[in-house]
Each structure stands twice: as C-alpha cells, then as structure tokens.
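Undergrad: Provided herewith: run.txt, compact mmCIF, C-alpha atoms.
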```
# COMPACT_ATOMS: atom_id res chain seq x y z
CA MET A 95 8.58 16.06 -22.61
CA LYS A 96 5.16 14.49 -23.11
CA GLU A 97 2.43 15.81 -20.83
CA THR A 98 -1.00 14.42 -20.06
CA ASN A 99 -4.14 16.49 -20.39
CA GLU A 100 -3.80 16.91 -16.62
CA HIS A 101 -0.64 19.02 -17.25
CA LEU A 102 1.45 16.46 -15.37
CA LYS A 103 4.74 15.30 -16.89
CA ARG A 104 5.22 11.62 -17.73
CA GLU A 105 8.67 11.11 -16.21
CA VAL A 106 8.31 7.78 -14.34
CA GLY A 107 9.69 4.66 -16.02
CA VAL A 108 8.98 1.01 -15.30
CA MET A 109 11.74 0.69 -12.68
CA GLY A 110 10.68 3.90 -10.96
CA LEU A 111 7.08 2.71 -10.74
CA SER A 112 8.25 -0.74 -9.56
CA ALA A 113 10.31 0.92 -6.81
CA ASN A 114 7.30 2.95 -5.73
CA LEU A 115 5.11 -0.16 -5.51
CA VAL A 116 7.75 -2.15 -3.60
CA ASN A 117 8.43 0.79 -1.29
CA ILE A 118 4.79 0.93 -0.18
CA MET A 119 4.24 -2.83 -0.01
CA ILE A 120 7.31 -3.42 2.17
CA GLY A 121 6.41 -1.25 5.14
CA ALA A 122 6.76 -1.83 8.86
CA GLY A 123 4.64 -5.02 8.84
CA ILE A 124 7.22 -7.48 7.54
CA PHE A 125 9.42 -6.72 10.58
CA ALA A 126 6.72 -8.17 12.88
CA LEU A 127 4.69 -10.56 10.71
CA PRO A 128 6.97 -13.64 10.75
CA ALA A 129 6.26 -14.19 14.46
CA ILE A 130 2.51 -13.55 14.12
CA VAL A 131 2.18 -16.00 11.24
CA ALA A 132 4.36 -18.58 12.98
CA ALA A 133 2.20 -18.33 16.10
CA GLY A 134 -0.86 -19.20 14.04
CA LEU A 135 0.49 -21.80 11.62
CA GLY A 136 3.93 -22.86 12.84
CA SER A 137 6.04 -24.54 10.14
CA SER A 138 3.00 -24.38 7.81
CA SER A 139 3.36 -20.60 7.54
CA ILE A 140 4.27 -20.90 3.88
CA PHE A 141 0.65 -21.78 3.02
CA ALA A 142 -0.63 -18.40 4.24
CA TYR A 143 2.04 -16.56 2.23
CA LEU A 144 1.20 -18.50 -0.91
CA PHE A 145 -2.52 -17.90 -0.42
CA CYS A 146 -2.03 -14.15 0.05
CA GLY A 147 0.40 -14.13 -2.85
CA LEU A 148 -2.24 -15.79 -5.02
CA LEU A 149 -4.87 -13.23 -4.01
CA ILE A 150 -2.68 -10.20 -4.54
CA THR A 151 -1.55 -11.62 -7.91
CA LEU A 152 -5.16 -12.05 -9.05
CA VAL A 153 -6.09 -8.56 -7.84
CA MET A 154 -3.02 -6.93 -9.37
CA LEU A 155 -3.75 -8.60 -12.70
CA CYS A 156 -7.09 -6.77 -12.56
CA PHE A 157 -5.25 -3.53 -11.72
CA ALA A 158 -2.91 -4.15 -14.65
CA GLU A 159 -5.77 -4.59 -17.12
CA VAL A 160 -7.73 -1.55 -15.97
CA GLY A 161 -4.52 0.48 -15.60
CA SER A 162 -3.64 -0.15 -19.25
CA LYS A 163 -7.02 1.32 -20.26
CA VAL A 164 -7.42 4.20 -17.79
CA THR A 165 -4.07 5.99 -17.68
CA THR A 166 -4.82 9.24 -15.83
CA SER A 167 -3.78 9.94 -12.22
CA GLY A 168 -5.71 8.57 -9.26
CA GLY A 169 -5.14 4.82 -9.51
CA ALA A 170 -7.99 2.75 -8.04
CA TYR A 171 -10.19 5.83 -7.60
CA THR A 172 -9.99 6.65 -11.32
CA TYR A 173 -10.58 3.03 -12.34
CA ILE A 174 -13.74 2.74 -10.24
CA GLU A 175 -15.05 6.23 -11.06
CA SER A 176 -14.55 5.62 -14.78
CA SER A 177 -16.44 2.33 -14.56
CA PHE A 178 -19.26 3.04 -12.11
CA GLY A 179 -19.64 6.82 -11.94
CA PRO A 180 -19.09 9.68 -9.47
CA TYR A 181 -20.98 8.22 -6.47
CA PHE A 182 -18.75 5.13 -6.27
CA GLY A 183 -15.79 7.36 -7.13
CA PHE A 184 -16.66 9.55 -4.14
CA LEU A 185 -16.89 6.56 -1.78
CA THR A 186 -13.59 5.24 -3.12
CA VAL A 187 -11.64 8.47 -2.77
CA ILE A 188 -12.86 9.06 0.81
CA LEU A 189 -12.25 5.49 1.99
CA PHE A 190 -8.98 5.25 0.08
CA VAL A 191 -7.44 8.53 1.27
CA LEU A 192 -8.68 8.45 4.88
CA SER A 193 -7.45 4.90 5.35
CA ALA A 194 -4.08 5.93 3.90
CA ILE A 195 -3.76 9.00 6.12
CA ALA A 196 -4.66 6.95 9.20
CA ALA A 197 -2.09 4.33 8.24
CA ASP A 198 0.55 7.03 7.62
CA ALA A 199 -0.14 8.50 11.05
CA ALA A 200 0.30 5.07 12.63
CA VAL A 201 3.55 4.44 10.72
CA ALA A 202 4.90 7.86 11.71
CA ASN A 203 4.22 7.10 15.37
CA ALA A 204 5.87 3.68 15.02
CA LEU A 205 8.89 5.37 13.42
CA VAL A 206 9.19 7.78 16.37
CA GLU A 207 8.95 4.82 18.78
CA VAL A 208 11.84 3.10 16.99
CA ILE A 209 13.93 6.28 17.16
CA GLY A 210 12.90 6.78 20.80
CA SER A 211 14.04 3.25 21.69
CA MET A 212 17.55 4.19 20.57
CA PHE A 213 17.50 7.84 21.69
CA PRO A 214 15.09 8.30 24.66
CA PHE A 215 15.04 12.10 24.20
CA PHE A 216 12.71 11.65 21.22
CA LYS A 217 10.03 10.13 23.45
CA LEU A 218 9.29 13.63 24.75
CA ASN A 219 6.15 15.11 23.18
CA THR A 220 7.90 18.23 21.85
CA ALA A 221 10.61 16.14 20.20
CA ARG A 222 7.95 13.80 18.81
CA ILE A 223 6.04 16.70 17.24
CA SER A 224 9.30 18.08 15.82
CA ILE A 225 10.02 14.77 14.08
CA PHE A 226 6.51 14.73 12.59
CA ILE A 227 7.10 18.24 11.22
CA LEU A 228 10.38 17.10 9.65
CA ILE A 229 8.84 13.93 8.21
CA PHE A 230 5.65 15.33 6.70
CA GLY A 231 7.07 18.78 5.94
CA GLY A 232 10.27 17.43 4.40
CA LEU A 233 8.63 14.70 2.32
CA GLY A 234 5.89 17.10 1.26
CA TYR A 235 8.44 19.69 0.12
CA ILE A 236 10.50 17.16 -1.85
CA ASN A 237 7.43 15.90 -3.69
CA LEU A 238 6.15 19.42 -4.29
CA ARG A 239 9.42 20.21 -6.11
CA GLY A 240 8.68 17.62 -8.80
CA ILE A 241 7.87 14.00 -9.57
CA LYS A 242 11.50 13.41 -10.58
CA GLU A 243 12.78 14.54 -7.17
CA GLY A 244 10.19 12.41 -5.41
CA MET A 245 11.16 9.35 -7.45
CA VAL A 246 14.88 9.81 -6.65
CA LEU A 247 14.02 9.68 -2.94
CA VAL A 248 11.75 6.64 -3.44
CA LYS A 249 14.40 4.70 -5.38
CA THR A 250 17.10 5.54 -2.82
CA ILE A 251 15.03 4.47 0.18
CA THR A 252 13.82 1.32 -1.59
CA ILE A 253 17.42 0.20 -2.09
CA ALA A 254 18.31 1.19 1.50
CA LYS A 255 15.44 -0.84 2.99
CA LEU A 256 16.10 -3.92 0.83
CA ILE A 257 19.83 -4.19 1.65
CA PRO A 258 19.49 -5.23 5.35
CA LEU A 259 16.68 -7.66 4.53
CA LEU A 260 18.67 -9.29 1.72
CA LEU A 261 21.79 -9.49 3.90
CA LEU A 262 19.75 -11.13 6.65
CA ILE A 263 18.39 -13.72 4.21
CA ILE A 264 21.80 -14.49 2.70
CA PHE A 265 23.77 -14.84 5.95
CA SER A 266 21.05 -16.60 7.94
CA TRP A 267 21.22 -19.80 5.90
CA GLY A 268 24.26 -20.95 7.86
CA GLU A 269 22.23 -20.79 11.08
CA VAL A 270 19.12 -22.52 9.71
CA THR A 271 18.09 -25.83 11.30
CA LEU A 272 16.27 -27.86 8.64
CA ASP A 273 14.25 -29.77 11.26
CA TYR A 274 12.51 -26.48 12.14
CA LEU A 275 11.21 -26.23 8.56
CA VAL A 276 9.62 -29.68 8.35
CA ILE A 277 5.84 -29.39 7.79
CA ASP A 278 4.35 -32.04 10.07
CA SER A 279 0.69 -31.11 9.54
CA VAL A 280 -1.42 -29.33 6.92
CA PRO A 281 -3.49 -26.44 8.34
CA THR A 282 -7.23 -26.24 7.76
CA ILE A 283 -8.75 -23.75 5.31
CA SER A 284 -10.25 -21.93 8.29
CA ASP A 285 -6.83 -21.53 9.97
CA ILE A 286 -5.26 -20.25 6.77
CA GLY A 287 -8.16 -17.82 6.30
CA LYS A 288 -7.80 -16.30 9.78
CA ILE A 289 -4.05 -15.76 9.46
CA SER A 290 -4.37 -14.59 5.86
CA LEU A 291 -6.76 -11.83 6.92
CA ILE A 292 -3.86 -10.42 8.97
CA LEU A 293 -1.02 -11.31 6.62
CA PHE A 294 -2.81 -9.99 3.53
CA PHE A 295 -2.22 -6.42 4.58
CA ALA A 296 1.53 -6.87 4.27
CA PHE A 297 0.93 -7.39 0.55
CA GLN A 298 -1.32 -4.40 -0.02
CA GLY A 299 0.11 -1.08 -1.14
CA ALA A 300 0.60 -1.55 -4.87
CA GLU A 301 -2.78 0.09 -5.38
CA SER A 302 -1.37 3.21 -3.67
CA GLY A 303 1.71 3.31 -5.87
CA LEU A 304 -0.47 3.29 -8.99
CA CYS A 305 -1.93 6.67 -8.04
CA ILE A 306 0.90 8.28 -10.05
CA SER A 307 -0.18 6.51 -13.26
CA GLY A 308 -0.80 9.90 -14.90
CA GLU A 309 2.96 10.51 -14.76
CA VAL A 310 4.12 7.10 -16.03
CA LYS A 311 5.80 6.82 -19.43
CA ASP A 312 4.01 4.53 -21.89
CA PRO A 313 1.50 3.42 -19.22
CA THR A 314 -0.19 0.70 -21.29
CA LYS A 315 3.09 -1.27 -21.22
CA ASN A 316 4.90 -0.06 -18.11
CA ILE A 317 2.06 -0.36 -15.58
CA PRO A 318 1.52 -4.14 -16.12
CA LYS A 319 5.32 -4.70 -16.15
CA ALA A 320 5.83 -2.79 -12.89
CA ILE A 321 2.98 -4.65 -11.20
CA PHE A 322 4.46 -8.03 -12.20
CA ILE A 323 8.00 -7.11 -11.07
CA SER A 324 6.88 -5.72 -7.70
CA VAL A 325 4.33 -8.39 -6.73
CA VAL A 326 6.54 -11.35 -7.67
CA GLY A 327 9.60 -9.75 -6.06
CA VAL A 328 7.81 -9.00 -2.78
CA LEU A 329 6.25 -12.47 -2.58
CA ILE A 330 9.65 -14.17 -3.02
CA LEU A 331 11.24 -11.84 -0.45
CA TYR A 332 8.49 -12.49 2.13
CA VAL A 333 8.67 -16.28 1.71
CA LEU A 334 12.47 -16.21 2.14
CA ILE A 335 12.22 -13.99 5.24
CA GLN A 336 9.66 -16.32 6.83
CA THR A 337 11.77 -19.37 5.96
CA VAL A 338 15.03 -18.11 7.47
CA SER A 339 13.25 -16.68 10.54
CA LEU A 340 11.58 -20.01 11.26
CA GLY A 341 14.75 -21.92 10.36
CA VAL A 342 16.87 -19.92 12.83
CA LEU A 343 14.48 -19.58 15.77
CA GLY A 344 12.16 -22.56 15.31
CA ALA A 345 9.03 -22.65 17.49
CA SER A 346 10.41 -19.82 19.66
CA LEU A 347 9.86 -17.41 16.75
CA ALA A 348 6.24 -17.03 17.90
CA ASN A 349 7.47 -15.52 21.20
CA PHE A 350 9.09 -12.46 19.59
CA LYS A 351 6.08 -10.65 18.13
CA GLU A 352 7.40 -7.12 18.61
CA ASN A 353 10.62 -7.34 16.61
CA PRO A 354 11.33 -10.92 15.42
CA LEU A 355 13.73 -10.02 12.60
CA SER A 356 15.98 -8.13 15.02
CA VAL A 357 16.11 -11.26 17.19
CA VAL A 358 17.08 -13.34 14.15
CA ALA A 359 19.75 -10.77 13.22
CA ASN A 360 21.07 -10.76 16.78
CA GLN A 361 21.55 -14.54 16.66
CA VAL A 362 23.21 -14.41 13.22
CA PHE A 363 25.35 -11.26 13.51
CA GLY A 364 25.38 -10.47 17.23
CA PRO A 365 24.33 -7.10 18.77
CA ILE A 366 25.32 -5.17 15.62
CA GLY A 367 22.73 -7.19 13.70
CA PHE A 368 20.00 -6.12 16.10
CA THR A 369 20.94 -2.47 15.54
CA ILE A 370 21.10 -2.82 11.75
CA ILE A 371 17.65 -4.41 11.47
CA THR A 372 16.16 -1.86 13.87
CA LEU A 373 17.55 0.93 11.69
CA GLY A 374 16.29 -0.98 8.66
CA ALA A 375 12.80 -0.96 10.16
CA ALA A 376 13.01 2.81 10.62
CA ILE A 377 14.18 3.29 7.03
CA SER A 378 11.40 1.01 5.81
CA MET A 379 8.79 3.11 7.62
CA LEU A 380 10.26 6.33 6.22
CA GLY A 381 10.23 4.78 2.76
CA ASN A 382 6.59 3.81 3.13
CA LEU A 383 5.71 7.40 4.05
CA SER A 384 7.73 8.84 1.17
CA SER A 385 5.81 6.76 -1.38
CA GLU A 386 2.46 7.50 0.26
CA ILE A 387 3.07 11.26 0.16
CA LEU A 388 4.24 10.92 -3.44
CA SER A 389 1.20 8.88 -4.50
CA PHE A 390 -1.96 9.80 -2.61
CA PRO A 391 -2.11 13.54 -3.36
CA ARG A 392 -2.72 12.45 -6.98
CA VAL A 393 -5.99 10.86 -5.83
CA LEU A 394 -7.13 14.15 -4.27
CA PHE A 395 -6.00 16.01 -7.39
CA ARG A 396 -7.88 13.74 -9.77
CA ALA A 397 -11.05 13.64 -7.64
CA SER A 398 -11.06 17.44 -7.45
CA LYS A 399 -10.51 17.73 -11.20
CA ASP A 400 -13.50 15.42 -11.75
CA ASN A 401 -15.52 17.52 -9.24
CA VAL A 402 -16.16 14.34 -7.25
CA LEU A 403 -14.55 16.23 -4.37
CA PRO A 404 -15.95 19.81 -4.47
CA LEU A 405 -12.61 21.34 -3.46
CA ARG A 406 -11.31 23.03 -6.62
CA PRO A 407 -7.94 24.22 -5.20
CA LEU A 408 -6.86 20.56 -4.94
CA SER A 409 -6.73 20.37 -8.75
CA LYS A 410 -4.23 23.24 -9.10
CA ILE A 411 -0.86 22.50 -10.74
CA HIS A 412 2.30 24.41 -9.80
CA ASP A 413 3.41 26.62 -12.70
CA ARG A 414 7.09 25.81 -12.23
CA PHE A 415 7.21 22.27 -10.84
CA SER A 416 4.16 20.75 -12.63
CA THR A 417 2.98 19.06 -9.43
CA PRO A 418 -0.43 19.12 -7.69
CA TYR A 419 1.05 21.25 -4.92
CA ILE A 420 -2.16 22.11 -3.03
CA ALA A 421 -3.10 18.42 -2.86
CA ILE A 422 0.40 17.54 -1.63
CA ILE A 423 0.28 20.22 1.07
CA ALA A 424 -3.24 19.15 2.13
CA TYR A 425 -2.30 15.46 2.33
CA ALA A 426 0.97 16.02 4.22
CA THR A 427 -0.74 18.42 6.66
CA SER A 428 -3.54 15.91 7.34
CA GLY A 429 -0.99 13.18 8.03
CA PHE A 430 0.91 15.47 10.42
CA LEU A 431 -2.26 16.41 12.34
CA LEU A 432 -3.46 12.81 12.74
CA ALA A 433 0.02 11.67 13.79
CA SER A 434 0.32 14.49 16.32
CA PHE A 435 -3.10 14.39 17.93
CA GLY A 436 -4.15 10.77 17.42
CA GLY A 437 -7.74 9.95 16.53
CA PHE A 438 -6.79 7.37 13.93
CA GLN A 439 -6.88 4.17 16.00
CA GLN A 440 -10.67 3.82 15.76
CA MET A 441 -10.34 3.94 11.98
CA ALA A 442 -8.11 0.85 11.81
CA ILE A 443 -10.86 -1.68 11.10
CA ILE A 444 -12.61 0.64 8.63
CA SER A 445 -9.24 1.25 6.96
CA SER A 446 -8.55 -2.45 6.49
CA ALA A 447 -12.02 -3.31 5.21
CA SER A 448 -12.07 -0.28 2.89
CA ILE A 449 -8.95 -1.48 1.08
CA LEU A 450 -10.59 -4.83 0.39
CA LEU A 451 -13.67 -2.99 -0.90
CA VAL A 452 -11.45 -0.89 -3.16
CA TYR A 453 -9.95 -4.12 -4.51
CA LEU A 454 -13.45 -5.46 -5.02
CA GLY A 455 -14.38 -2.34 -6.99
CA VAL A 456 -11.36 -2.64 -9.26
CA THR A 457 -11.99 -6.32 -10.02
CA LEU A 458 -15.61 -5.51 -10.88
CA SER A 459 -14.31 -2.66 -13.08
CA VAL A 460 -12.53 -5.23 -15.24
CA ILE A 461 -15.84 -6.97 -15.95
CA LYS A 462 -17.67 -3.68 -16.56
CA LEU A 463 -15.06 -2.24 -18.93
CA ARG A 464 -14.84 -5.49 -20.90
CA ARG A 465 -18.59 -5.47 -21.39
CA ASN A 466 -18.42 -1.86 -22.59
CA THR A 467 -15.46 -2.46 -24.94
CA PRO A 468 -15.40 -6.16 -25.92
CA LYS A 469 -12.58 -5.70 -28.47
CA LYS A 470 -9.02 -5.35 -27.22
CA ALA A 471 -7.34 -2.07 -28.20
CA THR A 472 -3.76 -1.83 -29.50
CA ASN A 473 -1.11 -2.23 -26.75
CA GLU A 474 -3.82 -2.85 -24.15
CA PHE A 475 -3.11 -5.52 -21.55
CA ARG A 476 -5.84 -8.12 -21.12
CA ILE A 477 -5.83 -10.95 -18.57
CA PRO A 478 -5.94 -14.37 -20.28
CA GLY A 479 -8.69 -16.82 -19.34
CA GLY A 480 -11.71 -14.62 -19.94
CA TYR A 481 -13.52 -13.62 -16.73
CA LEU A 482 -11.89 -16.34 -14.57
CA VAL A 483 -9.36 -14.08 -12.78
CA PRO A 484 -11.75 -11.23 -11.84
CA ILE A 485 -14.44 -13.70 -10.71
CA LEU A 486 -11.92 -15.62 -8.54
CA SER A 487 -10.71 -12.30 -7.10
CA VAL A 488 -14.25 -11.27 -6.20
CA LEU A 489 -14.97 -14.61 -4.48
CA ILE A 490 -11.75 -14.55 -2.42
CA ILE A 491 -12.21 -10.91 -1.36
CA VAL A 492 -15.80 -11.57 -0.27
CA TRP A 493 -14.61 -14.65 1.65
CA LEU A 494 -11.94 -12.59 3.45
CA LEU A 495 -14.49 -9.88 4.32
CA SER A 496 -16.75 -12.58 5.76
CA ASN A 497 -14.15 -13.06 8.51
CA LEU A 498 -15.03 -9.64 9.97
CA GLU A 499 -16.95 -9.61 13.25
CA PRO A 500 -20.68 -8.68 13.04
CA LYS A 501 -20.11 -5.46 15.03
CA GLU A 502 -17.35 -4.50 12.58
CA VAL A 503 -19.69 -5.04 9.64
CA ILE A 504 -22.36 -2.90 11.32
CA GLY A 505 -19.86 -0.14 12.11
CA PHE A 506 -18.60 -0.13 8.56
CA GLY A 507 -22.16 -0.07 7.20
CA ILE A 508 -22.94 3.02 9.29
CA TYR A 509 -19.81 4.67 7.93
CA ILE A 510 -20.91 4.02 4.33
CA VAL A 511 -24.38 5.42 5.09
CA ILE A 512 -22.84 8.63 6.49
CA LEU A 513 -20.64 9.03 3.41
CA THR A 514 -23.66 8.44 1.16
CA LEU A 515 -25.61 11.19 2.90
CA ILE A 516 -22.63 13.55 2.55
CA TYR A 517 -22.39 12.79 -1.16
CA PHE A 518 -26.03 13.54 -1.95
CA LEU A 519 -26.07 16.65 0.25
CA LYS A 520 -22.73 18.13 -0.87
CA ASP A 521 -24.20 19.92 -3.90
CA LYS A 522 -27.02 21.39 -1.84
CA ILE A 523 -24.88 22.89 0.85
```
Show this structure as structure tokens.
TA:
Amino acid sequence: MKETNEHLKREVGVMGLSANLVNIMIGAGIFALPAIVAAGLGSSSIFAYLFCGLLITLVMLCFAEVGSKVTTSGGAYTYIESSFGPYFGFLTVILFVLSAIAADAAVANALVEVIGSMFPFFKLNTARISIFILIFGGLGYINLRGIKEGMVLVKTITIAKLIPLLLLIIFSWGEVTLDYLVIDSVPTISDIGKISLILFFAFQGAESGLCISGEVKDPTKNIPKAIFISVVGVLILYVLIQTVSLGVLGASLANFKENPLSVVANQVFGPIGFTIITLGAAISMLGNLSSEILSFPRVLFRASKDNVLPLRPLSKIHDRFSTPYIAIIAYATSGFLLASFGGFQQMAIISSASILLVYLGVTLSVIKLRRNTPKKATNEFRIPGGYLVPILSVLIIVWLLSNLEPKEVIGFGIYIVILTLIYFLKDKI
C-alpha cells in the first residue's frame, strides 16, 4: 500500500473521489432551488443553470490543474498556501473550515426538521440534541476508523440519494406539458446574475471533496478525471430536474419554495411520491454531512502539519487506522456544538463570500504556479488555451462578488482584518 509523506494511505480511486464530490455538491439545495430559480426567471431558468455550470467548469478546471501539481491533503487550502505562502493559507483554512462547519450545522438542523415533520417527537430539544450526537458522533467514528470505511459510506449514500432523483426525472416526462417549457423572453444579464448568485451555491462543494487528495491513488490522473465526471454529471442532473419540475407544474412551480420536488413527486406518483422525495432530501443531507466530515478534517490536519494553525495535535495520525483522528474529532465536535447551540446564522453571508474568495485564490494559483514552472511536468494536467480559463474565472468571480450589498462587503472586510490581526499575533501569544 503506497503511503504519502503524510503517513496517509492512498486508497481512494477515481470513482470514490467522484462520489465524494457529487455527494457534497448535491446537498439539500436542489430540493428547493427549482422554485427559487423559476420565481426569478420563469421558463428561462435554463440560462442561470448554464451560466453557473460554465463558472463551476472554469473554476474546476483550475482546481484540476493545481490538484495535479499539489497532491497532498488539504485541497484548496494546500493549493493557495503552496502558491502564496502561510498568511494566505491561514486566511483560507479559517474561512474554508468555519464556513463548512456553519453550513454543516445548518444542514443538520434542516435534517432534524425533515425528520420532525414526519415524526413530531423529534422536534423536542432533547430528541434534537440526541440526533445531533448520533449524526456527528456516528459519522466521526466511521471516518476515524479509516478512509476506506468512510468511502464505503459515501458511495452508498451517493447512490441512495441519486435513485429518487433519477426516478423522478424518468417518470415525470409523461406529465410534462411542453407549453410550460417554451422560452418566450430572454432574461437580461442583470437578472441572470442575481439568480446565479443564489443558484451558484448549489454547484459548490467539489472543492471540499478534494480535501482528501492526499489519499487519492495516482492523483495527477484521477483528480482531473473525478472533477470532470462529477461537474458534468451534476450539471446534467440539475438541468433535467429543473426541466421536469417546470414542465409538470408550470408557472405554479414558483409558489412551492419550501419543497418543490416533493410537490412534483406528489403529482406524478401520488402521496407515496411525496414521502419518497422527503426521505430522499433527508438522505441527501446526511450524505452531504458524511462527505464533509470525511473531507474537512484533512484541511485542519494539513494546516497543523504546516504550522499554519499552531495546534500540533491536529496533525496526529492514528497508529492503527492511519487517519487524522484528532482533526476528525475536533471537526465533528465543532459541528455538533454549532448545530446544538446555534450561532451560525450570522456567518451565512461570510460563508458564501468566503467560498468565492477561495475559488478566486485557486484560480490565481494556476497563474502563479505556471509562472514558477513554465514547463509541463510528466502526467501533469494543464488547461488548454493558455491563461484564458483562469482569467475568465477571475473576472466572473469578481463580478459575482460585486452583487454583494455594501454592508456585506464592509462586514466581510472587518472579518478579514480580525483574522489578519490574529495571524500576526499568534506567534507572540
């Protein structure tokens, strides 16, 4: 068994990594987004999906190139730290991990709400806390036992979450009214931009799945392949879901913003369809959490090993299981605490903007690493077209960030200043 110099075993193949990326990208959002997008663009919804698909494709091409060069654990954090140094690595790891923990806490609460809607007993606070213990404790334990065990769970849940969505797509075609799909007007760039700022976050997540790159077999080949498979697959799935949802419900789709896919399933299959899609949403949320708890502890591990985070225990590897067990325990415990006691809602805007900044850092890393090593190494993936893709990615990301409100920009700026002060004071404390 080949090991990295991090003492982690390379046991994840291209399909395992693809499943991890898909599992994170397809979270709870797709079960609500069709109505939100339809409310903004109507039958022109497809334009927003294609725009977001274009952006995520450009960004993931940048991830693929950098990922074929920098193959240790940590994903985006490692790419940016390797290119721009420990200060930007520190900002990345804090923004990256805190936004992920906040999102995990939100997903866990949404999962409990879904369970509580079917079994009211679980709305009680004690039952809610008990579920959080089972979720974060159980997923943490499985991933602590080994990367292979974690990947088995990820693959299983990925299949389980895709089945109801694929069945809905296949059997809904008989109920589709083609007149509902006719595009009678082309939306403005401004309209597409506003909706895309919301829709884009249904496509993010692949950057989280790449945090396990230090445990991927033949990473120079398998990382680009997995990125291509997952991004293309998710884009096609999302476009089909939006098409059948709009085709079945028409303009009324915009009225069902809480659970539009369950409404579509109810019309196609009857009450049993509503139940199946609701359970599918719960499984999708659980799958998202399983991949997050598999992936993000590797960021803490790598940042500790680089001494970017001055918490040395996070870099410890379990003697028997070859996993970063302290980092896994720390991440799962943080998720449990935020889910149980709240405090994450005010981080939502910072979380969203931070992911775009992480993307911006990775695209700039492509340019920096190319300038440092102009010649392509053996088996290294390089985006065709010179600097066109990373430059386009930078321009689109900056344009999306420009849609933030001024008070959001100010709040985020203050947050960066606080992190900067912490970074320069951490060695003096």
Undergrad: Would you kindly return, as a count of residues only, each protein, DNA or RNA residue with an atom no farther than 8 Å from any atom of stretch 407-414 of chain A, considering only C-alpha atoms and excluding same-chain residues fewer than 4 positions away?
TA: 11
Undergrad: Between A:Leu405, A:Ala447, A:Val108, A:Val358, which has the minimum distance to A:Ser346 (counting all atoms listed in the file)?
TA: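 Answer, going by the shortest atom-to-atom distance: A:Val358.
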Undergrad: Measuring atom to atom with only C-alpha atoms, identify which of A:Leu259, A:Leu144, A:Met379, A:Ile477 is nearest to A:Thr457.
TA: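 Closest to A:Thr457 of all the choices is A:Ile477.
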Undergrad: When you draw a straight line from atom CA of A:Leu431 to atom CA of A:Ala204, how long is it in Å?
TA: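 Separation of atom CA of A:Leu431 and atom CA of A:Ala204: 15.3 Å.
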Undergrad: Kindly give the distance, in Å, that separates atom CA of A:Ser428 and atom CA of A:Ile227, rounded to a single decimal.
TA: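 Atom CA of A:Ile227 lies 11.6 Å from atom CA of A:Ser428.
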Undergrad: Please determine, counting all atoms listed in the file, which residue among A:Ser448, A:Gln361, A:Ser290, A:Asn382 has the shortest atom-to-atom distance to A:Val131.
TA: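 Of A:Ser448, A:Gln361, A:Ser290, A:Asn382, the one nearest A:Val131 is A:Ser290, counting all atoms listed in the file.
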Undergrad: Compile a residue-level contact table for stretch 296-326 of chain A against stretch 146-162 of chain A at a cut-off of 7 Å, reporting for every qualifying residue the shortest atom pair and its distance in Å to one decimal, with all atoms listed in the file counted, rows ordered by chain and ascending number, as a tab-separated table.
TA:
```
residue	atom	partner	partner_atom	distance
A:Phe297	CA	A:Ile150	CA	6.8
A:Pro313	CA	A:Ser162	CA	6.3
A:Thr314	CA	A:Ser162	CA	4.1
A:Ile317	CA	A:Ala158	CA	6.3
A:Pro318	CA	A:Ala158	CA	4.7
A:Ile321	CA	A:Met154	CA	6.7
A:Val325	CA	A:Thr151	CA	6.8
```
Undergrad: Need to verify the contact set: A:Ile387, 12 Å, only C-alpha atoms, exclusion of same-chain residues closer than 2 positions in sequence. Can you return it as a ChimeraX atom specification?
TA: /A:114,117-118,191,194-195,197-199,229-238,241,244-245,247-248,302-303,305-306,380-385,389-394,418-419,421-430
Undergrad: When you count all atoms listed in the file, which of these residues is closest to A:Val460: A:Leu519, A:Phe213, A:Lys351, A:Tyr173?
TA: A:Tyr173
Undergrad: Closest to A:Trp267 among A:Val452, A:Lys501, A:Ile251, A:Leu343, using all atoms listed in the file?
TA: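 Checking each candidate against A:Trp267, we get A:Leu343 as the closest.
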Undergrad: May I ask which of the residues A:Val503, A:Leu334, A:Met119, A:Val342 is the closest one to A:Tyr143, counting only C-alpha atoms?
TA: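 Selected residue with least distance to A:Tyr143: A:Leu334.
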Undergrad: Using only C-alpha atoms, which residues sit within 12 Å of A:Ile449 once same-chain residues fewer than 3 positions away are excluded, as a ChimeraX atom specification?
TA: /A:153,170-171,185-194,197,294-295,297-302,442-446,452-456,491,494-495
Undergrad: Would you compute the distance between atom CA of A:Ala113 and atom CA of A:Ser324? Give it in Å to one decimal.
TA: 7.5 Å
Undergrad: List the neighbours of stretch 134-136 of chain A out to 10 Å using only C-alpha atoms; skip same-chain residues closer than 2 positions along the sequence, and give me the result as a list of chain:residue names.
TA: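 Contacts, in chain order: A:Pro128, A:Ala129, A:Ile130, A:Val131, A:Ala132, A:Ser138, A:Ser139, A:Ile140, A:Phe141, A:Ala142, A:Tyr274, A:Leu275, A:Val276, A:Ile277, A:Asp278, A:Ser279, A:Val280, A:Pro281, A:Thr282, A:Asp285, A:Ile286, A:Lys288, A:Ile289, A:Leu340, A:Gly344, A:Ala345, A:Ser346, A:Leu347, A:Ala348.
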Undergrad: Using only C-alpha atoms, find all polymer residues with an atom at most 8 Å away from the point (15.8, -1.3, 7.2); report them as a list in words.
TA: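 Residues with an atom close enough to that point: Ala254, Lys255, Leu256, Ile257, Pro258, Leu259, Ile370, Ile371, Thr372, Leu373, Gly374, Ala375, Ala376, Ile377 and Ser378 of chain A.
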Undergrad: Given 6 Å on each side, where is the centre and what are the edge lengths in Å to one decimal of the axis-aligned box enclosing the listed atoms of stretch 504-522 of chain A, as AutoDock Vina command-line options?
TA:
```
--center_x -22.8 --center_y 9.2 --center_z 4.1 --size_x 20.4 --size_y 36.3 --size_z 28.0
```
